Amino acid sequence: MLHIINKSPLTHSALESCLRVAQSGEILLIEDAVYAATSGNAFEGKIREAMGRFKVYVLQPDLEARGLADRIIAGVSPVDYGGFVDLAAANKNCQSWL
Amino acid sequence: MRFGIVVNEGPYQHQASDSAYLFAKAAIARGHEVWRVFFYHDGVNNASKLTEPPQDDRHIVNRWSKLAEEHHVDLVVCVAAALRRGIKEENLAQGFRISGLGQLVEAGIKADRLVVFGD
Amino acid sequence: MSDIKKFMFVNRKAPHGTIYALESLEVVLITAAFDQDVSLVFLDDGVYQLKKGQQTKGIETKNFSPAYRALEGYDIEKLYVEKESLEARGLSEEDLLVDVTVLGRAEMGELMDQQDVVLSF
């Protein structure tokens with residue numbers, strides 16, 4: 001399953017909930033969730049831990065818009081909107097953790 | 001592959017409609033079909049033809065209308081959510097139509113993937 | 001050809017503060033008419049939607065919580081609540097206004113994986 005997260009983990013529980021409940025799959029960070037993919041943020045440890053169970057992607061245009069494209073945590077893969085589409089197509093189902 | 005998209009937030013207030021639009025455009029560019037976009041909750045405000053953003057900003061409503069016209073995307077606005085928020089036939093932008101929630105369920109059934117954008 | 005898909009509605013938001021819970025319930029009721037395999041999931045603050053004894057008179061809004069009890073009449077009987085979400089809110093099954101199946105987080109995650117369509121509001 002593709003898990004789509006769109007909120008900063010520092011203000012909302014969406015990513016935390018996803019990591020608690022989902023067992024495996026792929027995670028795509030979009031909109032304000034891209035802050036989770038940046039090195040030095042307080043949630044970085046949890047992202048690193050999650051990378052053992054999930055493949056983690058971040059939407060590059062959202063990261064660029066927020067001035068953080070040069071801070072991606074090693075191991076998190078940047079994708080563009082086409083890559084987003086590919087992820088949605090490749091996974092059997094998807095869930096937006098709103 | 002056939003995609004369905006759900007938009008749950010209004011234009012300009014939240015990035016959801018922008019993300020949904022860019023996803024739809026990318027899906028079409030990849031050779032997929034975007035069969036239907038269903039607008040629910042405050043998402044119905046994406047269908048207001050009274051929308052007038054400043055000249056230097058993107059026109060979210062017209063952008064959806066253009067996508068519908070060029071790629072035969074079915075833009076459906078939930079009737080119950082629309083009436084609550086003052087969206088009616090008389091202020092409906094080009095390419096949108098008002099219909100029931102059954103159209104959302106149908107999108108879930110007929111599309112290979114349903115992707116939700118919201119808050 | 002079978003057109004039956006597994007639909008899951010994931011409710012993670014509390015009622016009343018925003019309209020999401022009410023409008024989500026409206027979709028669920030419509031989905032029942034399409035003879036699909038429907039599950040409702042309550043996670044995080046979504047579990048508050050099922051709290052017994054909601055009285056909305058004082059805030060002058062519609063109290064839609066009794067509608068959860070009507071779901072059974074629409075053949076929607078798969079209601080799942082995550083154990084950890086309940087515990088984190090000091091709630092137990094007795095606090096809920098309908099019968100639900102309580103699942104641990106891992107079981108909940110597996111159930112999600114099995115769905116065809118996951119709608120979250």
# chains A, B, ... in the order shown; residues from 1 in each chain; ligands from 1
>>> interface_residues(of="chain C", to="chain A", cutoff="10 Å", atoms="only C-alpha atoms", output="list in words")
Met8, Val10, Asn11, Arg12, Lys13, Leu43, Asp44, Glu82, Glu84, Ser85, Gly104, Arg105, Ala106, Glu107, Met108, Gly109, Glu110, Leu111, Met112, Asp113, Gln114, Gln115, Asp116, Val117, Val118, Leu119, Ser120 and Phe121 of chain C
>>> write_last_selection(atoms="C-alpha atoms", output="compact mmCIF listing (two decimals), in the first residue's frame")
# COMPACT_ATOMS: atom_id res chain seq x y z
CA MET C 8 -12.75 1.24 3.79
CA VAL C 10 -10.97 5.77 7.73
CA ASN C 11 -12.16 8.27 10.32
CA ARG C 12 -9.34 10.03 12.15
CA LYS C 13 -11.05 13.29 13.03
CA LEU C 43 -8.52 5.80 14.60
CA ASP C 44 -6.98 8.58 16.69
CA GLU C 82 -8.05 0.69 17.13
CA GLU C 84 -4.31 1.99 21.08
CA SER C 85 -6.44 4.98 20.02
CA GLY C 104 -4.67 -3.89 17.80
CA ARG C 105 -2.61 -1.60 15.56
CA ALA C 106 -0.94 -4.40 13.62
CA GLU C 107 -4.24 -6.16 12.85
CA MET C 108 -5.65 -2.80 11.78
CA GLY C 109 -2.70 -2.28 9.46
CA GLU C 110 -3.23 -5.68 7.87
CA LEU C 111 -6.92 -4.97 7.35
CA MET C 112 -6.04 -1.73 5.54
CA ASP C 113 -3.66 -3.59 3.24
CA GLN C 114 -6.49 -5.85 2.09
CA GLN C 115 -8.71 -3.01 0.84
CA ASP C 116 -9.34 -1.93 -2.73
CA VAL C 117 -10.46 1.62 -1.96
CA VAL C 118 -9.52 3.58 1.14
CA LEU C 119 -11.39 6.83 1.66
CA SER C 120 -10.31 9.22 4.35
CA PHE C 121 -11.87 12.55 5.15
>>> residues_around(residues="B:Ser19", least_positions_apart="4", cutoff="9 Å", atoms="only C-alpha atoms", output="PyMOL selection string")
(chain A and resi 30-31+81) or (chain B and resi 15+23-24+117)
>>> select_by_dssp(residues="chain A", states="helix (DSSP H, G or I)", output="number ranges by chain")
A: 14-21, 31-37, 44-50, 60-65, 69-71, 81-90
>>> residues_around(residues="stretch 24-35 of chain C", least_positions_apart="2", cutoff="7 Å", atoms="only C-alpha atoms", output="CSV table (one decimal) with N, CA, C and O atoms, in the first residue's frame")
chain,number,residue,atom,x,y,z
B,101,LEU,N,-23.6,11.7,-4.3
B,101,LEU,CA,-22.4,11.0,-3.7
B,101,LEU,C,-22.2,9.7,-4.3
B,101,LEU,O,-21.1,9.1,-4.2
B,102,GLY,N,-23.3,9.2,-5.0
B,102,GLY,CA,-23.1,7.9,-5.7
B,102,GLY,C,-22.0,7.9,-6.7
B,102,GLY,O,-21.4,6.9,-7.0
B,105,VAL,N,-18.8,6.9,-5.1
B,105,VAL,CA,-18.8,5.5,-4.9
B,105,VAL,C,-18.5,4.8,-6.2
B,105,VAL,O,-17.6,3.9,-6.3
C,20,TYR,N,-16.0,17.1,8.8
C,20,TYR,CA,-15.6,15.8,8.1
C,20,TYR,C,-16.3,14.6,8.6
C,20,TYR,O,-16.7,13.7,7.8
C,21,ALA,N,-16.5,14.4,9.9
C,21,ALA,CA,-17.2,13.2,10.4
C,21,ALA,C,-18.6,13.1,9.9
C,21,ALA,O,-19.0,12.0,9.4
C,22,LEU,N,-19.3,14.2,9.9
C,22,LEU,CA,-20.7,14.2,9.4
C,22,LEU,C,-20.8,13.8,7.9
C,22,LEU,O,-21.5,13.0,7.5
C,37,ASP,N,-18.4,-4.1,-0.3
C,37,ASP,CA,-18.0,-4.7,1.0
C,37,ASP,C,-17.4,-3.5,1.8
C,37,ASP,O,-16.3,-3.0,1.5
C,74,TYR,N,-28.5,-0.6,7.5
C,74,TYR,CA,-28.1,-0.5,6.1
C,74,TYR,C,-27.1,-1.7,5.7
C,74,TYR,O,-26.3,-1.6,4.8
C,76,ILE,N,-24.4,-2.3,7.2
C,76,ILE,CA,-23.0,-1.9,7.4
C,76,ILE,C,-22.6,-2.4,8.9
C,76,ILE,O,-23.1,-1.7,9.8
C,121,PHE,N,-11.4,11.2,5.2
C,121,PHE,CA,-11.9,12.6,5.1
C,121,PHE,C,-11.4,13.4,6.3
C,121,PHE,O,-11.0,12.8,7.3
>>> closest_residue(among="B:Arg113, B:Lys66, B:Arg97, B:Arg58", to="A:Val85", atoms="only C-alpha atoms")
B:Arg113
>>> residues_around(residues="B:Asp119", least_positions_apart="4", cutoff="8 Å", atoms="only C-alpha atoms", output="ChimeraX atom specification")
/A:6,98 /B:8-9,14,16 /C:121
>>> write_last_selection(atoms="N, CA, C and O atoms", output="short mmCIF file (atom, residue, chain, number, x, y, z; two decimals), in the first residue's frame")
data_model
loop_
_atom_site.label_atom_id
_atom_site.label_comp_id
_atom_site.auth_asym_id
_atom_site.auth_seq_id
_atom_site.Cartn_x
_atom_site.Cartn_y
_atom_site.Cartn_z
N ASN A 6 0.45 14.30 4.28
CA ASN A 6 0.56 15.70 3.83
C ASN A 6 0.70 16.71 4.97
O ASN A 6 0.49 17.90 4.77
N LEU A 98 -5.22 11.74 6.13
CA LEU A 98 -5.62 13.13 6.31
C LEU A 98 -5.87 13.46 7.77
O LEU A 98 -6.13 12.59 8.57
N ASN B 8 -10.99 17.32 -1.34
CA ASN B 8 -11.81 17.64 -0.16
C ASN B 8 -11.67 19.06 0.37
O ASN B 8 -12.30 19.41 1.36
N GLU B 9 -10.80 19.85 -0.24
CA GLU B 9 -10.61 21.22 0.25
C GLU B 9 -10.79 22.24 -0.86
O GLU B 9 -10.60 21.94 -2.03
N HIS B 14 -6.07 25.85 0.84
CA HIS B 14 -5.29 24.65 1.13
C HIS B 14 -4.63 24.16 -0.17
O HIS B 14 -5.16 24.39 -1.25
N ALA B 16 -4.44 21.24 -1.31
CA ALA B 16 -5.02 19.99 -1.83
C ALA B 16 -5.44 20.06 -3.30
O ALA B 16 -5.13 19.16 -4.08
N PHE C 121 -11.38 11.16 5.23
CA PHE C 121 -11.87 12.55 5.15
C PHE C 121 -11.36 13.37 6.32
O PHE C 121 -10.99 12.82 7.34
#
>>> select_by_dssp(residues="stretch 8-46 of chain C", states="strand (DSSP E or B)", output="VMD selection string")
chain C and resid 8 to 11 37 to 42
>>> write_last_selection(atoms="all heavy atoms", output="PDB file, in the first residue's frame")
ATOM      1  N   MET C   8     -12.986   0.926   2.379  1.00  0.00           N
ATOM      2  CA  MET C   8     -12.754   1.242   3.786  1.00  0.00           C
ATOM      3  C   MET C   8     -12.809   2.754   4.001  1.00  0.00           C
ATOM      4  O   MET C   8     -12.194   3.518   3.264  1.00  0.00           O
ATOM      5  CB  MET C   8     -11.393   0.715   4.249  1.00  0.00           C
ATOM      6  CG  MET C   8     -11.066   1.118   5.683  1.00  0.00           C
ATOM      7  SD  MET C   8      -9.475   0.466   6.237  1.00  0.00           S
ATOM      8  CE  MET C   8      -9.975  -1.159   6.778  1.00  0.00           C
ATOM      9  N   PHE C   9     -13.582   3.148   5.002  1.00  0.00           N
ATOM     10  CA  PHE C   9     -13.647   4.556   5.374  1.00  0.00           C
ATOM     11  C   PHE C   9     -12.844   4.746   6.654  1.00  0.00           C
ATOM     12  O   PHE C   9     -13.158   4.139   7.671  1.00  0.00           O
ATOM     13  CB  PHE C   9     -15.101   4.984   5.576  1.00  0.00           C
ATOM     14  CG  PHE C   9     -15.895   4.929   4.311  1.00  0.00           C
ATOM     15  CD1 PHE C   9     -16.571   3.773   3.941  1.00  0.00           C
ATOM     16  CD2 PHE C   9     -15.918   6.018   3.457  1.00  0.00           C
ATOM     17  CE1 PHE C   9     -17.273   3.713   2.740  1.00  0.00           C
ATOM     18  CE2 PHE C   9     -16.621   5.966   2.261  1.00  0.00           C
ATOM     19  CZ  PHE C   9     -17.293   4.813   1.899  1.00  0.00           C
ATOM     20  N   VAL C  10     -11.822   5.549   6.575  1.00  0.00           N
ATOM     21  CA  VAL C  10     -10.966   5.770   7.733  1.00  0.00           C
ATOM     22  C   VAL C  10     -11.313   7.115   8.369  1.00  0.00           C
ATOM     23  O   VAL C  10     -11.188   8.164   7.739  1.00  0.00           O
ATOM     24  CB  VAL C  10      -9.475   5.745   7.336  1.00  0.00           C
ATOM     25  CG1 VAL C  10      -8.594   5.992   8.558  1.00  0.00           C
ATOM     26  CG2 VAL C  10      -9.122   4.408   6.691  1.00  0.00           C
ATOM     27  N   ASN C  11     -11.782   7.054   9.601  1.00  0.00           N
ATOM     28  CA  ASN C  11     -12.160   8.274  10.325  1.00  0.00           C
ATOM     29  C   ASN C  11     -11.118   8.569  11.390  1.00  0.00           C
ATOM     30  O   ASN C  11     -10.976   7.824  12.350  1.00  0.00           O
ATOM     31  CB  ASN C  11     -13.525   8.074  10.998  1.00  0.00           C
ATOM     32  CG  ASN C  11     -14.616   7.847   9.971  1.00  0.00           C
ATOM     33  OD1 ASN C  11     -15.031   8.773   9.293  1.00  0.00           O
ATOM     34  ND2 ASN C  11     -15.043   6.602   9.832  1.00  0.00           N
ATOM     35  N   ASP C  37     -18.423  -4.141  -0.283  1.00  0.00           N
ATOM     36  CA  ASP C  37     -17.958  -4.663   1.000  1.00  0.00           C
ATOM     37  C   ASP C  37     -17.393  -3.476   1.798  1.00  0.00           C
ATOM     38  O   ASP C  37     -16.292  -3.020   1.542  1.00  0.00           O
ATOM     39  CB  ASP C  37     -16.869  -5.716   0.727  1.00  0.00           C
ATOM     40  CG  ASP C  37     -16.333  -6.330   2.005  1.00  0.00           C
ATOM     41  OD1 ASP C  37     -16.630  -5.827   3.108  1.00  0.00           O
ATOM     42  OD2 ASP C  37     -15.601  -7.325   1.901  1.00  0.00           O
ATOM     43  N   VAL C  38     -18.195  -2.971   2.729  1.00  0.00           N
ATOM     44  CA  VAL C  38     -17.846  -1.723   3.415  1.00  0.00           C
ATOM     45  C   VAL C  38     -17.330  -1.939   4.838  1.00  0.00           C
ATOM     46  O   VAL C  38     -17.936  -2.666   5.614  1.00  0.00           O
ATOM     47  CB  VAL C  38     -19.076  -0.784   3.478  1.00  0.00           C
ATOM     48  CG1 VAL C  38     -18.732   0.509   4.228  1.00  0.00           C
ATOM     49  CG2 VAL C  38     -19.580  -0.466   2.083  1.00  0.00           C
ATOM     50  N   SER C  39     -16.203  -1.315   5.148  1.00  0.00           N
ATOM     51  CA  SER C  39     -15.688  -1.307   6.522  1.00  0.00           C
ATOM     52  C   SER C  39     -15.503   0.136   6.974  1.00  0.00           C
ATOM     53  O   SER C  39     -15.115   0.993   6.180  1.00  0.00           O
ATOM     54  CB  SER C  39     -14.316  -1.975   6.610  1.00  0.00           C
ATOM     55  OG  SER C  39     -14.362  -3.286   6.152  1.00  0.00           O
ATOM     56  N   LEU C  40     -15.779   0.368   8.244  1.00  0.00           N
ATOM     57  CA  LEU C  40     -15.509   1.678   8.837  1.00  0.00           C
ATOM     58  C   LEU C  40     -14.444   1.511   9.900  1.00  0.00           C
ATOM     59  O   LEU C  40     -14.514   0.595  10.721  1.00  0.00           O
ATOM     60  CB  LEU C  40     -16.760   2.221   9.535  1.00  0.00           C
ATOM     61  CG  LEU C  40     -17.634   3.184   8.743  1.00  0.00           C
ATOM     62  CD1 LEU C  40     -18.330   2.426   7.646  1.00  0.00           C
ATOM     63  CD2 LEU C  40     -18.634   3.854   9.652  1.00  0.00           C
ATOM     64  N   VAL C  41     -13.481   2.415   9.855  1.00  0.00           N
ATOM     65  CA  VAL C  41     -12.403   2.350  10.821  1.00  0.00           C
ATOM     66  C   VAL C  41     -12.346   3.665  11.603  1.00  0.00           C
ATOM     67  O   VAL C  41     -12.501   4.743  11.025  1.00  0.00           O
ATOM     68  CB  VAL C  41     -11.063   2.100  10.079  1.00  0.00           C
ATOM     69  CG1 VAL C  41      -9.883   2.528  10.923  1.00  0.00           C
ATOM     70  CG2 VAL C  41     -10.951   0.639   9.693  1.00  0.00           C
ATOM     71  N   PHE C  42     -12.161   3.555  12.900  1.00  0.00           N
ATOM     72  CA  PHE C  42     -12.045   4.739  13.747  1.00  0.00           C
ATOM     73  C   PHE C  42     -10.681   4.708  14.430  1.00  0.00           C
ATOM     74  O   PHE C  42     -10.361   3.784  15.175  1.00  0.00           O
ATOM     75  CB  PHE C  42     -13.180   4.787  14.771  1.00  0.00           C
ATOM     76  CG  PHE C  42     -14.527   4.871  14.117  1.00  0.00           C
ATOM     77  CD1 PHE C  42     -15.200   3.713  13.729  1.00  0.00           C
ATOM     78  CD2 PHE C  42     -15.105   6.102  13.827  1.00  0.00           C
ATOM     79  CE1 PHE C  42     -16.432   3.785  13.084  1.00  0.00           C
ATOM     80  CE2 PHE C  42     -16.331   6.184  13.181  1.00  0.00           C
ATOM     81  CZ  PHE C  42     -17.001   5.027  12.812  1.00  0.00           C
TER      82      PHE C  42
END
>>> closest_atom_pairs(of="chain B", to="chain C", cutoff="12 Å", atoms="only C-alpha atoms", output="JSON lines")
{"residue": "B:Phe3", "atom": "CA", "partner": "C:Val117", "partner_atom": "CA", "distance": 11.8}
{"residue": "B:Gly4", "atom": "CA", "partner": "C:Val117", "partner_atom": "CA", "distance": 10.6}
{"residue": "B:Ile5", "atom": "CA", "partner": "C:Leu119", "partner_atom": "CA", "distance": 10.7}
{"residue": "B:Val6", "atom": "CA", "partner": "C:Leu119", "partner_atom": "CA", "distance": 9.0}
{"residue": "B:Val7", "atom": "CA", "partner": "C:Phe121", "partner_atom": "CA", "distance": 9.8}
{"residue": "B:Asn8", "atom": "CA", "partner": "C:Phe121", "partner_atom": "CA", "distance": 7.4}
{"residue": "B:Glu9", "atom": "CA", "partner": "C:Phe121", "partner_atom": "CA", "distance": 10.0}
{"residue": "B:Phe39", "atom": "CA", "partner": "C:Phe121", "partner_atom": "CA", "distance": 11.9}
{"residue": "B:Tyr40", "atom": "CA", "partner": "C:Glu23", "partner_atom": "CA", "distance": 8.6}
{"residue": "B:His41", "atom": "CA", "partner": "C:Glu23", "partner_atom": "CA", "distance": 7.1}
{"residue": "B:Asp42", "atom": "CA", "partner": "C:Ile19", "partner_atom": "CA", "distance": 9.5}
{"residue": "B:Gly43", "atom": "CA", "partner": "C:Phe121", "partner_atom": "CA", "distance": 11.4}
{"residue": "B:Cys78", "atom": "CA", "partner": "C:Val27", "partner_atom": "CA", "distance": 10.2}
{"residue": "B:Val79", "atom": "CA", "partner": "C:Glu26", "partner_atom": "CA", "distance": 11.8}
{"residue": "B:Ala80", "atom": "CA", "partner": "C:Glu23", "partner_atom": "CA", "distance": 9.1}
{"residue": "B:Ala81", "atom": "CA", "partner": "C:Glu23", "partner_atom": "CA", "distance": 7.9}
{"residue": "B:Ala82", "atom": "CA", "partner": "C:Glu23", "partner_atom": "CA", "distance": 11.7}
{"residue": "B:Arg84", "atom": "CA", "partner": "C:Glu23", "partner_atom": "CA", "distance": 11.1}
{"residue": "B:Gly100", "atom": "CA", "partner": "C:Ile30", "partner_atom": "CA", "distance": 9.1}
{"residue": "B:Leu101", "atom": "CA", "partner": "C:Val27", "partner_atom": "CA", "distance": 6.3}
{"residue": "B:Gly102", "atom": "CA", "partner": "C:Ile30", "partner_atom": "CA", "distance": 6.3}
{"residue": "B:Gln103", "atom": "CA", "partner": "C:Ile30", "partner_atom": "CA", "distance": 9.8}
{"residue": "B:Leu104", "atom": "CA", "partner": "C:Val27", "partner_atom": "CA", "distance": 8.2}
{"residue": "B:Val105", "atom": "CA", "partner": "C:Thr31", "partner_atom": "CA", "distance": 6.0}
{"residue": "B:Glu106", "atom": "CA", "partner": "C:Phe34", "partner_atom": "CA", "distance": 8.4}
{"residue": "B:Ala107", "atom": "CA", "partner": "C:Val117", "partner_atom": "CA", "distance": 9.9}
{"residue": "B:Gly108", "atom": "CA", "partner": "C:Val117", "partner_atom": "CA", "distance": 6.2}
{"residue": "B:Ile109", "atom": "CA", "partner": "C:Lys5", "partner_atom": "CA", "distance": 6.5}
{"residue": "B:Lys110", "atom": "CA", "partner": "C:Asp3", "partner_atom": "CA", "distance": 8.5}
{"residue": "B:Ala111", "atom": "CA", "partner": "C:Val117", "partner_atom": "CA", "distance": 9.5}
{"residue": "B:Asp112", "atom": "CA", "partner": "C:Asp116", "partner_atom": "CA", "distance": 8.8}
{"residue": "B:Arg113", "atom": "CA", "partner": "C:Val117", "partner_atom": "CA", "distance": 7.4}
{"residue": "B:Leu114", "atom": "CA", "partner": "C:Val117", "partner_atom": "CA", "distance": 6.6}
{"residue": "B:Val115", "atom": "CA", "partner": "C:Leu119", "partner_atom": "CA", "distance": 8.4}
{"residue": "B:Val116", "atom": "CA", "partner": "C:Leu119", "partner_atom": "CA", "distance": 7.0}
{"residue": "B:Phe117", "atom": "CA", "partner": "C:Phe121", "partner_atom": "CA", "distance": 9.0}
{"residue": "B:Gly118", "atom": "CA", "partner": "C:Phe121", "partner_atom": "CA", "distance": 7.1}
{"residue": "B:Asp119", "atom": "CA", "partner": "C:Phe121", "partner_atom": "CA", "distance": 7.8}
>>> residues_around(residues="C:Ser65", least_positions_apart="6", cutoff="8 Å", atoms="only C-alpha atoms", output="VMD selection string")
chain C and resid 49 to 50 54
>>> write_last_selection(atoms="all heavy atoms", output="PDB file, in the first residue's frame")
ATOM      1  N   GLN C  49     -15.955  10.115  17.620  1.00  0.00           N
ATOM      2  CA  GLN C  49     -17.221  10.141  16.880  1.00  0.00           C
ATOM      3  C   GLN C  49     -18.226   9.185  17.497  1.00  0.00           C
ATOM      4  O   GLN C  49     -19.430   9.393  17.428  1.00  0.00           O
ATOM      5  CB  GLN C  49     -16.994   9.761  15.402  1.00  0.00           C
ATOM      6  CG  GLN C  49     -16.178  10.781  14.619  1.00  0.00           C
ATOM      7  CD  GLN C  49     -15.944  10.352  13.176  1.00  0.00           C
ATOM      8  OE1 GLN C  49     -16.711   9.574  12.617  1.00  0.00           O
ATOM      9  NE2 GLN C  49     -14.890  10.866  12.564  1.00  0.00           N
ATOM     10  N   LEU C  50     -17.716   8.103  18.101  1.00  0.00           N
ATOM     11  CA  LEU C  50     -18.589   7.054  18.625  1.00  0.00           C
ATOM     12  C   LEU C  50     -18.888   7.194  20.121  1.00  0.00           C
ATOM     13  O   LEU C  50     -19.527   6.323  20.712  1.00  0.00           O
ATOM     14  CB  LEU C  50     -17.960   5.678  18.358  1.00  0.00           C
ATOM     15  CG  LEU C  50     -17.692   5.330  16.900  1.00  0.00           C
ATOM     16  CD1 LEU C  50     -17.057   3.947  16.798  1.00  0.00           C
ATOM     17  CD2 LEU C  50     -18.990   5.369  16.091  1.00  0.00           C
ATOM     18  N   GLN C  54     -23.482  12.207  23.345  1.00  0.00           N
ATOM     19  CA  GLN C  54     -23.208  13.508  22.725  1.00  0.00           C
ATOM     20  C   GLN C  54     -24.497  14.347  22.713  1.00  0.00           C
ATOM     21  O   GLN C  54     -25.551  13.870  22.313  1.00  0.00           O
ATOM     22  CB  GLN C  54     -22.684  13.320  21.292  1.00  0.00           C
ATOM     23  CG  GLN C  54     -21.344  12.594  21.244  1.00  0.00           C
ATOM     24  CD  GLN C  54     -20.855  12.341  19.819  1.00  0.00           C
ATOM     25  OE1 GLN C  54     -20.920  13.207  18.969  1.00  0.00           O
ATOM     26  NE2 GLN C  54     -20.371  11.136  19.566  1.00  0.00           N
TER      27      GLN C  54
END
>>> atom_distance(atom1="atom CA of B:Leu75", atom2="atom CA of B:Ala26")
17.0 Å
>>> atom_distance(atom1="atom CA of B:Asp74", atom2="atom CA of B:Arg36")
4.5 Å
